[in-house]
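Text of the file work.cif, holding mmCIF, N, CA and C atoms:
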```cif
data_protein
#
loop_
_atom_site.label_atom_id
_atom_site.label_comp_id
_atom_site.auth_asym_id
_atom_site.auth_seq_id
_atom_site.Cartn_x
_atom_site.Cartn_y
_atom_site.Cartn_z
N MET A 145 -3.68 6.11 -24.95
CA MET A 145 -4.51 6.66 -23.90
C MET A 145 -4.30 8.17 -23.86
N SER A 146 -5.36 8.92 -23.88
CA SER A 146 -5.24 10.37 -23.85
C SER A 146 -4.89 10.85 -22.45
N SER A 147 -4.30 12.04 -22.38
CA SER A 147 -3.91 12.58 -21.09
C SER A 147 -5.12 12.98 -20.25
N LEU A 148 -6.28 13.10 -20.88
CA LEU A 148 -7.49 13.48 -20.16
C LEU A 148 -8.27 12.28 -19.64
N GLU A 149 -7.88 11.09 -20.09
CA GLU A 149 -8.57 9.89 -19.65
C GLU A 149 -8.30 9.64 -18.17
N GLN A 150 -9.36 9.28 -17.45
CA GLN A 150 -9.22 9.03 -16.02
C GLN A 150 -9.46 7.56 -15.75
N LYS A 151 -8.76 7.06 -14.75
CA LYS A 151 -8.95 5.68 -14.32
C LYS A 151 -9.75 5.68 -13.04
N SER A 152 -10.55 4.64 -12.85
CA SER A 152 -11.26 4.52 -11.59
C SER A 152 -10.39 3.79 -10.58
N ILE A 153 -10.61 4.09 -9.33
CA ILE A 153 -9.86 3.47 -8.24
C ILE A 153 -10.84 2.67 -7.40
N LYS A 154 -10.52 1.40 -7.19
CA LYS A 154 -11.35 0.54 -6.34
C LYS A 154 -10.95 0.78 -4.89
N VAL A 155 -11.89 1.29 -4.10
CA VAL A 155 -11.63 1.59 -2.70
C VAL A 155 -12.43 0.64 -1.83
N ILE A 156 -11.76 0.02 -0.87
CA ILE A 156 -12.45 -0.82 0.11
C ILE A 156 -12.70 0.07 1.32
N GLU A 157 -13.90 0.60 1.39
CA GLU A 157 -14.24 1.62 2.38
C GLU A 157 -14.42 1.04 3.78
N PHE A 158 -13.86 1.73 4.76
CA PHE A 158 -14.04 1.38 6.16
C PHE A 158 -14.90 2.44 6.82
N THR A 159 -15.98 2.01 7.44
CA THR A 159 -16.93 2.95 8.03
C THR A 159 -16.53 3.42 9.41
N GLY A 160 -15.61 2.68 10.06
CA GLY A 160 -15.21 3.02 11.42
C GLY A 160 -16.01 2.28 12.47
N LYS A 161 -17.00 1.52 12.05
CA LYS A 161 -17.83 0.76 12.99
C LYS A 161 -17.12 -0.54 13.34
N ASP A 162 -17.14 -0.89 14.62
CA ASP A 162 -16.48 -2.11 15.09
C ASP A 162 -16.97 -3.35 14.36
N LYS A 163 -18.25 -3.41 14.06
CA LYS A 163 -18.81 -4.60 13.42
C LYS A 163 -18.27 -4.79 12.00
N ASP A 164 -17.78 -3.75 11.37
CA ASP A 164 -17.27 -3.82 10.00
C ASP A 164 -15.77 -4.11 9.94
N TRP A 165 -15.09 -4.03 11.07
CA TRP A 165 -13.63 -4.13 11.09
C TRP A 165 -13.09 -5.44 10.50
N LYS A 166 -13.61 -6.58 10.97
CA LYS A 166 -13.06 -7.87 10.56
C LYS A 166 -13.18 -8.10 9.05
N ILE A 167 -14.33 -7.80 8.48
CA ILE A 167 -14.50 -8.01 7.04
C ILE A 167 -13.66 -7.01 6.25
N TRP A 168 -13.61 -5.75 6.73
CA TRP A 168 -12.78 -4.76 6.04
C TRP A 168 -11.32 -5.21 6.05
N LEU A 169 -10.84 -5.67 7.19
CA LEU A 169 -9.44 -6.10 7.30
C LEU A 169 -9.14 -7.23 6.34
N ARG A 170 -10.00 -8.22 6.27
CA ARG A 170 -9.77 -9.35 5.36
C ARG A 170 -9.75 -8.89 3.90
N LYS A 171 -10.70 -8.03 3.55
CA LYS A 171 -10.74 -7.52 2.17
C LYS A 171 -9.50 -6.69 1.86
N PHE A 172 -9.12 -5.85 2.82
CA PHE A 172 -7.97 -4.98 2.59
C PHE A 172 -6.68 -5.80 2.46
N LEU A 173 -6.52 -6.82 3.29
CA LEU A 173 -5.32 -7.67 3.19
C LEU A 173 -5.32 -8.47 1.89
N ALA A 174 -6.49 -8.87 1.41
CA ALA A 174 -6.56 -9.55 0.11
C ALA A 174 -6.11 -8.62 -1.00
N GLN A 175 -6.57 -7.37 -0.94
CA GLN A 175 -6.15 -6.37 -1.92
C GLN A 175 -4.65 -6.10 -1.80
N ALA A 176 -4.15 -6.01 -0.58
CA ALA A 176 -2.73 -5.77 -0.34
C ALA A 176 -1.89 -6.90 -0.92
N ASN A 177 -2.38 -8.13 -0.80
CA ASN A 177 -1.67 -9.28 -1.36
C ASN A 177 -1.58 -9.16 -2.88
N ARG A 178 -2.68 -8.78 -3.52
CA ARG A 178 -2.68 -8.62 -4.98
C ARG A 178 -1.76 -7.50 -5.44
N LYS A 179 -1.68 -6.44 -4.65
CA LYS A 179 -0.85 -5.30 -5.04
C LYS A 179 0.60 -5.43 -4.59
N GLY A 180 0.89 -6.42 -3.75
CA GLY A 180 2.27 -6.70 -3.38
C GLY A 180 2.77 -6.09 -2.08
N TYR A 181 1.91 -5.48 -1.28
CA TYR A 181 2.39 -4.85 -0.05
C TYR A 181 1.85 -5.49 1.24
N LYS A 182 1.28 -6.68 1.14
CA LYS A 182 0.75 -7.34 2.34
C LYS A 182 1.86 -7.58 3.36
N GLY A 183 3.05 -7.96 2.92
CA GLY A 183 4.17 -8.20 3.82
C GLY A 183 4.54 -6.97 4.64
N LEU A 184 4.37 -5.79 4.06
CA LEU A 184 4.65 -4.56 4.80
C LEU A 184 3.62 -4.36 5.91
N LEU A 185 2.37 -4.72 5.64
CA LEU A 185 1.31 -4.54 6.63
C LEU A 185 1.38 -5.56 7.75
N THR A 186 1.80 -6.77 7.41
CA THR A 186 1.84 -7.84 8.41
C THR A 186 3.17 -7.90 9.16
N GLY A 187 4.17 -7.18 8.67
CA GLY A 187 5.47 -7.14 9.34
C GLY A 187 6.48 -8.15 8.83
N SER A 188 6.12 -8.94 7.83
CA SER A 188 7.10 -9.90 7.29
C SER A 188 8.13 -9.21 6.40
N ASP A 189 7.83 -8.03 5.91
CA ASP A 189 8.79 -7.19 5.19
C ASP A 189 9.02 -5.93 6.01
N ASN A 190 10.28 -5.50 6.08
CA ASN A 190 10.59 -4.26 6.80
C ASN A 190 10.40 -3.06 5.89
N ILE A 191 9.80 -2.03 6.44
CA ILE A 191 9.61 -0.79 5.70
C ILE A 191 10.92 -0.01 5.75
N PRO A 192 11.50 0.29 4.59
CA PRO A 192 12.74 1.07 4.60
C PRO A 192 12.46 2.52 5.02
N THR A 193 13.48 3.14 5.59
CA THR A 193 13.34 4.54 5.92
C THR A 193 13.47 5.37 4.65
N GLU A 194 13.07 6.61 4.73
CA GLU A 194 13.20 7.49 3.57
C GLU A 194 14.67 7.65 3.19
N ALA A 195 15.53 7.74 4.20
CA ALA A 195 16.97 7.87 3.94
C ALA A 195 17.51 6.64 3.21
N GLU A 196 17.09 5.45 3.63
CA GLU A 196 17.52 4.22 2.95
C GLU A 196 17.04 4.20 1.51
N SER A 197 15.83 4.65 1.31
CA SER A 197 15.27 4.70 -0.04
C SER A 197 16.04 5.67 -0.93
N GLU A 198 16.36 6.84 -0.39
CA GLU A 198 17.10 7.84 -1.16
C GLU A 198 18.51 7.36 -1.51
N LEU A 199 19.14 6.64 -0.58
CA LEU A 199 20.48 6.10 -0.85
C LEU A 199 20.45 5.05 -1.95
N ALA A 200 19.32 4.38 -2.10
CA ALA A 200 19.20 3.30 -3.09
C ALA A 200 18.86 3.79 -4.49
N VAL A 201 18.55 5.08 -4.65
CA VAL A 201 18.19 5.61 -5.96
C VAL A 201 19.36 5.46 -6.92
N GLY A 202 19.06 4.87 -8.05
CA GLY A 202 20.08 4.73 -9.09
C GLY A 202 21.01 3.54 -8.91
N GLU A 203 20.91 2.85 -7.79
CA GLU A 203 21.76 1.67 -7.56
C GLU A 203 21.21 0.50 -8.36
N THR A 204 22.09 -0.43 -8.67
CA THR A 204 21.68 -1.53 -9.53
C THR A 204 21.71 -2.90 -8.86
N ASN A 205 22.21 -2.99 -7.62
CA ASN A 205 22.23 -4.32 -7.01
C ASN A 205 20.85 -4.67 -6.47
N ASP A 206 20.64 -5.95 -6.25
CA ASP A 206 19.31 -6.45 -5.87
C ASP A 206 18.80 -5.87 -4.55
N ALA A 207 19.68 -5.68 -3.59
CA ALA A 207 19.25 -5.16 -2.29
C ALA A 207 18.70 -3.74 -2.42
N GLU A 208 19.39 -2.91 -3.19
CA GLU A 208 18.92 -1.54 -3.38
C GLU A 208 17.63 -1.50 -4.20
N LYS A 209 17.52 -2.36 -5.19
CA LYS A 209 16.29 -2.43 -5.97
C LYS A 209 15.11 -2.82 -5.07
N LYS A 210 15.36 -3.78 -4.18
CA LYS A 210 14.30 -4.21 -3.26
C LYS A 210 13.92 -3.07 -2.32
N THR A 211 14.91 -2.32 -1.85
CA THR A 211 14.64 -1.19 -0.96
C THR A 211 13.74 -0.18 -1.66
N ARG A 212 14.04 0.17 -2.91
CA ARG A 212 13.22 1.13 -3.66
C ARG A 212 11.81 0.59 -3.88
N LYS A 213 11.73 -0.71 -4.22
CA LYS A 213 10.42 -1.31 -4.46
C LYS A 213 9.58 -1.29 -3.19
N LEU A 214 10.18 -1.65 -2.05
CA LEU A 214 9.44 -1.64 -0.79
C LEU A 214 8.98 -0.24 -0.42
N TRP A 215 9.83 0.76 -0.70
CA TRP A 215 9.45 2.15 -0.40
C TRP A 215 8.23 2.55 -1.22
N LYS A 216 8.24 2.21 -2.50
CA LYS A 216 7.11 2.55 -3.37
C LYS A 216 5.85 1.79 -2.96
N LEU A 217 6.00 0.53 -2.57
CA LEU A 217 4.85 -0.23 -2.10
C LEU A 217 4.30 0.33 -0.80
N ASN A 218 5.17 0.83 0.07
CA ASN A 218 4.72 1.45 1.31
C ASN A 218 3.90 2.71 1.02
N GLU A 219 4.34 3.49 0.05
CA GLU A 219 3.57 4.68 -0.34
C GLU A 219 2.20 4.28 -0.88
N LEU A 220 2.15 3.23 -1.69
CA LEU A 220 0.89 2.74 -2.24
C LEU A 220 -0.04 2.27 -1.12
N ALA A 221 0.51 1.54 -0.16
CA ALA A 221 -0.29 1.06 0.97
C ALA A 221 -0.87 2.23 1.75
N PHE A 222 -0.05 3.24 2.00
CA PHE A 222 -0.51 4.42 2.74
C PHE A 222 -1.65 5.11 2.00
N GLU A 223 -1.50 5.27 0.69
CA GLU A 223 -2.55 5.90 -0.11
C GLU A 223 -3.84 5.10 -0.07
N ASP A 224 -3.72 3.78 -0.19
CA ASP A 224 -4.92 2.94 -0.16
C ASP A 224 -5.62 3.02 1.19
N ILE A 225 -4.86 3.06 2.27
CA ILE A 225 -5.46 3.19 3.60
C ILE A 225 -6.17 4.54 3.73
N LEU A 226 -5.53 5.60 3.29
CA LEU A 226 -6.17 6.91 3.36
C LEU A 226 -7.47 6.96 2.54
N LEU A 227 -7.42 6.36 1.36
CA LEU A 227 -8.61 6.37 0.50
C LEU A 227 -9.75 5.53 1.08
N SER A 228 -9.43 4.59 1.94
CA SER A 228 -10.47 3.72 2.50
C SER A 228 -11.25 4.38 3.64
N ILE A 229 -10.75 5.48 4.15
CA ILE A 229 -11.40 6.13 5.28
C ILE A 229 -12.70 6.81 4.84
N ASN A 230 -13.77 6.46 5.51
CA ASN A 230 -15.07 7.08 5.23
C ASN A 230 -15.25 8.21 6.20
N GLY A 231 -15.13 9.41 5.73
CA GLY A 231 -15.31 10.54 6.63
C GLY A 231 -14.66 11.69 6.08
#
```
Whole structure given in structure tokens:
Amino acid sequence: MSSLEQKSIKVIEFTGKDKDWKIWLRKFLAQANRKGYKGLLTGSDNIPTEAESELAVGETNDAEKKTRKLWKLNELAFEDILLSING
């Protein structure tokens, strides 16, 4: 893949209209499930703090690996939410 090649991003756009909320939420949670961050949005997974994430850098035990993974998934979720905003 060349460094100039661009990838497309699938955005589930939210218009801000009340009538669109329910369908947008269902679609967004389906996407979140596929990308692995639905638990962060629903509260079944705790979002680590930035300090917790930084302490886990370079660690090799499972708990620290999970902390780093959750931090990265939280960043992905935030980006997807921002990209979904129509305006």
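Applied to the file shown here, the PyMOL selection byres (((chain A and resi 179 and name CA) around 12) and name CA) selects the residues Phe172, Leu173, Ala174, Gln175, Ala176, Asn177, Arg178, Gly180, Tyr181, Lys182, Gly183, Leu184, Leu185, Lys213, Leu214, Lys216, Leu217, Asn218, Glu219, Leu220, Ala221 and Asp224 of chain A.
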Go ahead and write the selection's residues with N, CA and C atoms as a PDB file, keeping the file's coordinate frame.
```pdb
ATOM      1  N   PHE A 172      -9.120  -5.850   2.820  1.00  0.00           N
ATOM      2  CA  PHE A 172      -7.970  -4.980   2.590  1.00  0.00           C
ATOM      3  C   PHE A 172      -6.680  -5.800   2.460  1.00  0.00           C
ATOM      4  N   LEU A 173      -6.520  -6.820   3.290  1.00  0.00           N
ATOM      5  CA  LEU A 173      -5.320  -7.670   3.190  1.00  0.00           C
ATOM      6  C   LEU A 173      -5.320  -8.470   1.890  1.00  0.00           C
ATOM      7  N   ALA A 174      -6.490  -8.870   1.410  1.00  0.00           N
ATOM      8  CA  ALA A 174      -6.560  -9.550   0.110  1.00  0.00           C
ATOM      9  C   ALA A 174      -6.110  -8.620  -1.000  1.00  0.00           C
ATOM     10  N   GLN A 175      -6.570  -7.370  -0.940  1.00  0.00           N
ATOM     11  CA  GLN A 175      -6.150  -6.370  -1.920  1.00  0.00           C
ATOM     12  C   GLN A 175      -4.650  -6.100  -1.800  1.00  0.00           C
ATOM     13  N   ALA A 176      -4.150  -6.010  -0.580  1.00  0.00           N
ATOM     14  CA  ALA A 176      -2.730  -5.770  -0.340  1.00  0.00           C
ATOM     15  C   ALA A 176      -1.890  -6.900  -0.920  1.00  0.00           C
ATOM     16  N   ASN A 177      -2.380  -8.130  -0.800  1.00  0.00           N
ATOM     17  CA  ASN A 177      -1.670  -9.280  -1.360  1.00  0.00           C
ATOM     18  C   ASN A 177      -1.580  -9.160  -2.880  1.00  0.00           C
ATOM     19  N   ARG A 178      -2.680  -8.780  -3.520  1.00  0.00           N
ATOM     20  CA  ARG A 178      -2.680  -8.620  -4.980  1.00  0.00           C
ATOM     21  C   ARG A 178      -1.760  -7.500  -5.440  1.00  0.00           C
ATOM     22  N   GLY A 180       0.890  -6.420  -3.750  1.00  0.00           N
ATOM     23  CA  GLY A 180       2.270  -6.700  -3.380  1.00  0.00           C
ATOM     24  C   GLY A 180       2.770  -6.090  -2.080  1.00  0.00           C
ATOM     25  N   TYR A 181       1.910  -5.480  -1.280  1.00  0.00           N
ATOM     26  CA  TYR A 181       2.390  -4.850  -0.050  1.00  0.00           C
ATOM     27  C   TYR A 181       1.850  -5.490   1.240  1.00  0.00           C
ATOM     28  N   LYS A 182       1.280  -6.680   1.140  1.00  0.00           N
ATOM     29  CA  LYS A 182       0.750  -7.340   2.340  1.00  0.00           C
ATOM     30  C   LYS A 182       1.860  -7.580   3.360  1.00  0.00           C
ATOM     31  N   GLY A 183       3.050  -7.960   2.920  1.00  0.00           N
ATOM     32  CA  GLY A 183       4.170  -8.200   3.820  1.00  0.00           C
ATOM     33  C   GLY A 183       4.540  -6.970   4.640  1.00  0.00           C
ATOM     34  N   LEU A 184       4.370  -5.790   4.060  1.00  0.00           N
ATOM     35  CA  LEU A 184       4.650  -4.560   4.800  1.00  0.00           C
ATOM     36  C   LEU A 184       3.620  -4.360   5.910  1.00  0.00           C
ATOM     37  N   LEU A 185       2.370  -4.720   5.640  1.00  0.00           N
ATOM     38  CA  LEU A 185       1.310  -4.540   6.630  1.00  0.00           C
ATOM     39  C   LEU A 185       1.380  -5.560   7.750  1.00  0.00           C
ATOM     40  N   LYS A 213      11.730  -0.710  -4.220  1.00  0.00           N
ATOM     41  CA  LYS A 213      10.420  -1.310  -4.460  1.00  0.00           C
ATOM     42  C   LYS A 213       9.580  -1.290  -3.190  1.00  0.00           C
ATOM     43  N   LEU A 214      10.180  -1.650  -2.050  1.00  0.00           N
ATOM     44  CA  LEU A 214       9.440  -1.640  -0.790  1.00  0.00           C
ATOM     45  C   LEU A 214       8.980  -0.240  -0.420  1.00  0.00           C
ATOM     46  N   LYS A 216       8.240   2.210  -2.500  1.00  0.00           N
ATOM     47  CA  LYS A 216       7.110   2.550  -3.370  1.00  0.00           C
ATOM     48  C   LYS A 216       5.850   1.790  -2.960  1.00  0.00           C
ATOM     49  N   LEU A 217       6.000   0.530  -2.570  1.00  0.00           N
ATOM     50  CA  LEU A 217       4.850  -0.230  -2.100  1.00  0.00           C
ATOM     51  C   LEU A 217       4.300   0.330  -0.800  1.00  0.00           C
ATOM     52  N   ASN A 218       5.170   0.830   0.070  1.00  0.00           N
ATOM     53  CA  ASN A 218       4.720   1.450   1.310  1.00  0.00           C
ATOM     54  C   ASN A 218       3.900   2.710   1.020  1.00  0.00           C
ATOM     55  N   GLU A 219       4.340   3.490   0.050  1.00  0.00           N
ATOM     56  CA  GLU A 219       3.570   4.680  -0.340  1.00  0.00           C
ATOM     57  C   GLU A 219       2.200   4.280  -0.880  1.00  0.00           C
ATOM     58  N   LEU A 220       2.150   3.230  -1.690  1.00  0.00           N
ATOM     59  CA  LEU A 220       0.890   2.740  -2.240  1.00  0.00           C
ATOM     60  C   LEU A 220      -0.040   2.270  -1.120  1.00  0.00           C
ATOM     61  N   ALA A 221       0.510   1.540  -0.160  1.00  0.00           N
ATOM     62  CA  ALA A 221      -0.290   1.060   0.970  1.00  0.00           C
ATOM     63  C   ALA A 221      -0.870   2.230   1.750  1.00  0.00           C
ATOM     64  N   ASP A 224      -3.720   3.780  -0.190  1.00  0.00           N
ATOM     65  CA  ASP A 224      -4.920   2.940  -0.160  1.00  0.00           C
ATOM     66  C   ASP A 224      -5.620   3.020   1.190  1.00  0.00           C
TER      67      ASP A 224
END
```
From a DSSP pass on the backbone, collect the residues of range 157-195 of chain A flagged as alpha helix (DSSP H) and hand them back as an MDAnalysis selection string.
chainID A and resid 162:179 182:186 194:195
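Minimum atom-to-atom distances from A:Phe158, A:Trp168, A:Lys151, A:Asp189 to Leu227 in chain A were compared using only C-alpha atoms, and the lowest value belongs to A:Phe158.
Between atom C of Lys171 in chain A and atom C of Glu223 in chain A there is a distance of 13.2 Å.
CA of Ile229 in chain A to atom N of Val155 in chain A spans 10.6 Å [interatomic distance, one decimal].
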Considering all atoms listed in the file, return as a list of chain:residue names whatever protein or nucleic-acid residues lie within 8 Å of Glu198 in chain A, sequence-local ones (same chain, fewer than 5 positions apart) excluded.
A:Pro192, A:Thr193, A:Thr211, A:Arg212
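Atom N of Gly202 in chain A lies 26.7 Å from atom C of Thr186 in chain A.
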What do you get, as a list in words, if you spell out every residue that the PyMOL selection byres (((chain A and resi 159 and name CA) around 10) and name CA) selects here?
Ile156, Glu157, Phe158, Gly160, Lys161, Asp162, Lys163, Asp164, Trp165, Trp168, Ser228, Ile229, Asn230 and Gly231 of chain A
Closest to Glu208 in chain A among A:Gly187, A:Leu226, A:Glu196, A:Ser152, using all atoms listed in the file?
A:Glu196
Have range 178-203 of chain A completed to N, CA, C and O atoms, please, and pass it along as a short mmCIF file (atom, residue, chain, number, x, y, z; two decimals), in the frame of the given file.
```cif
data_model
loop_
_atom_site.label_atom_id
_atom_site.label_comp_id
_atom_site.auth_asym_id
_atom_site.auth_seq_id
_atom_site.Cartn_x
_atom_site.Cartn_y
_atom_site.Cartn_z
N ARG A 178 -2.68 -8.78 -3.52
CA ARG A 178 -2.68 -8.62 -4.98
C ARG A 178 -1.76 -7.50 -5.44
O ARG A 178 -1.17 -7.59 -6.50
N LYS A 179 -1.68 -6.44 -4.65
CA LYS A 179 -0.85 -5.30 -5.04
C LYS A 179 0.60 -5.43 -4.59
O LYS A 179 1.44 -4.62 -4.98
N GLY A 180 0.89 -6.42 -3.75
CA GLY A 180 2.27 -6.70 -3.38
C GLY A 180 2.77 -6.09 -2.08
O GLY A 180 3.96 -6.17 -1.78
N TYR A 181 1.91 -5.48 -1.28
CA TYR A 181 2.39 -4.85 -0.05
C TYR A 181 1.85 -5.49 1.24
O TYR A 181 2.03 -4.94 2.32
N LYS A 182 1.28 -6.68 1.14
CA LYS A 182 0.75 -7.34 2.34
C LYS A 182 1.86 -7.58 3.36
O LYS A 182 1.66 -7.40 4.56
N GLY A 183 3.05 -7.96 2.92
CA GLY A 183 4.17 -8.20 3.82
C GLY A 183 4.54 -6.97 4.64
O GLY A 183 4.98 -7.08 5.78
N LEU A 184 4.37 -5.79 4.06
CA LEU A 184 4.65 -4.56 4.80
C LEU A 184 3.62 -4.36 5.91
O LEU A 184 3.95 -3.90 7.00
N LEU A 185 2.37 -4.72 5.64
CA LEU A 185 1.31 -4.54 6.63
C LEU A 185 1.38 -5.56 7.75
O LEU A 185 1.06 -5.25 8.89
N THR A 186 1.80 -6.77 7.41
CA THR A 186 1.84 -7.84 8.41
C THR A 186 3.17 -7.90 9.16
O THR A 186 3.28 -8.61 10.15
N GLY A 187 4.17 -7.18 8.67
CA GLY A 187 5.47 -7.14 9.34
C GLY A 187 6.48 -8.15 8.83
O GLY A 187 7.60 -8.21 9.33
N SER A 188 6.12 -8.94 7.83
CA SER A 188 7.10 -9.90 7.29
C SER A 188 8.13 -9.21 6.40
O SER A 188 9.21 -9.77 6.17
N ASP A 189 7.83 -8.03 5.91
CA ASP A 189 8.79 -7.19 5.19
C ASP A 189 9.02 -5.93 6.01
O ASP A 189 8.07 -5.36 6.56
N ASN A 190 10.28 -5.50 6.08
CA ASN A 190 10.59 -4.26 6.80
C ASN A 190 10.40 -3.06 5.89
O ASN A 190 10.82 -3.08 4.74
N ILE A 191 9.80 -2.03 6.44
CA ILE A 191 9.61 -0.79 5.70
C ILE A 191 10.92 -0.01 5.75
O ILE A 191 11.40 0.32 6.83
N PRO A 192 11.50 0.29 4.59
CA PRO A 192 12.74 1.07 4.60
C PRO A 192 12.46 2.52 5.02
O PRO A 192 11.36 3.03 4.82
N THR A 193 13.48 3.14 5.59
CA THR A 193 13.34 4.54 5.92
C THR A 193 13.47 5.37 4.65
O THR A 193 13.94 4.88 3.62
N GLU A 194 13.07 6.61 4.73
CA GLU A 194 13.20 7.49 3.57
C GLU A 194 14.67 7.65 3.19
O GLU A 194 15.02 7.66 2.01
N ALA A 195 15.53 7.74 4.20
CA ALA A 195 16.97 7.87 3.94
C ALA A 195 17.51 6.64 3.21
O ALA A 195 18.29 6.76 2.26
N GLU A 196 17.09 5.45 3.63
CA GLU A 196 17.52 4.22 2.95
C GLU A 196 17.04 4.20 1.51
O GLU A 196 17.78 3.81 0.60
N SER A 197 15.83 4.65 1.31
CA SER A 197 15.27 4.70 -0.04
C SER A 197 16.04 5.67 -0.93
O SER A 197 16.35 5.36 -2.08
N GLU A 198 16.36 6.84 -0.39
CA GLU A 198 17.10 7.84 -1.16
C GLU A 198 18.51 7.36 -1.51
O GLU A 198 19.01 7.62 -2.60
N LEU A 199 19.14 6.64 -0.58
CA LEU A 199 20.48 6.10 -0.85
C LEU A 199 20.45 5.05 -1.95
O LEU A 199 21.44 4.85 -2.66
N ALA A 200 19.32 4.38 -2.10
CA ALA A 200 19.20 3.30 -3.09
C ALA A 200 18.86 3.79 -4.49
O ALA A 200 18.90 3.02 -5.44
N VAL A 201 18.55 5.08 -4.65
CA VAL A 201 18.19 5.61 -5.96
C VAL A 201 19.36 5.46 -6.92
O VAL A 201 20.49 5.83 -6.61
N GLY A 202 19.06 4.87 -8.05
CA GLY A 202 20.08 4.73 -9.09
C GLY A 202 21.01 3.54 -8.91
O GLY A 202 21.82 3.25 -9.77
N GLU A 203 20.91 2.85 -7.79
CA GLU A 203 21.76 1.67 -7.56
C GLU A 203 21.21 0.50 -8.36
O GLU A 203 20.03 0.44 -8.67
#
```
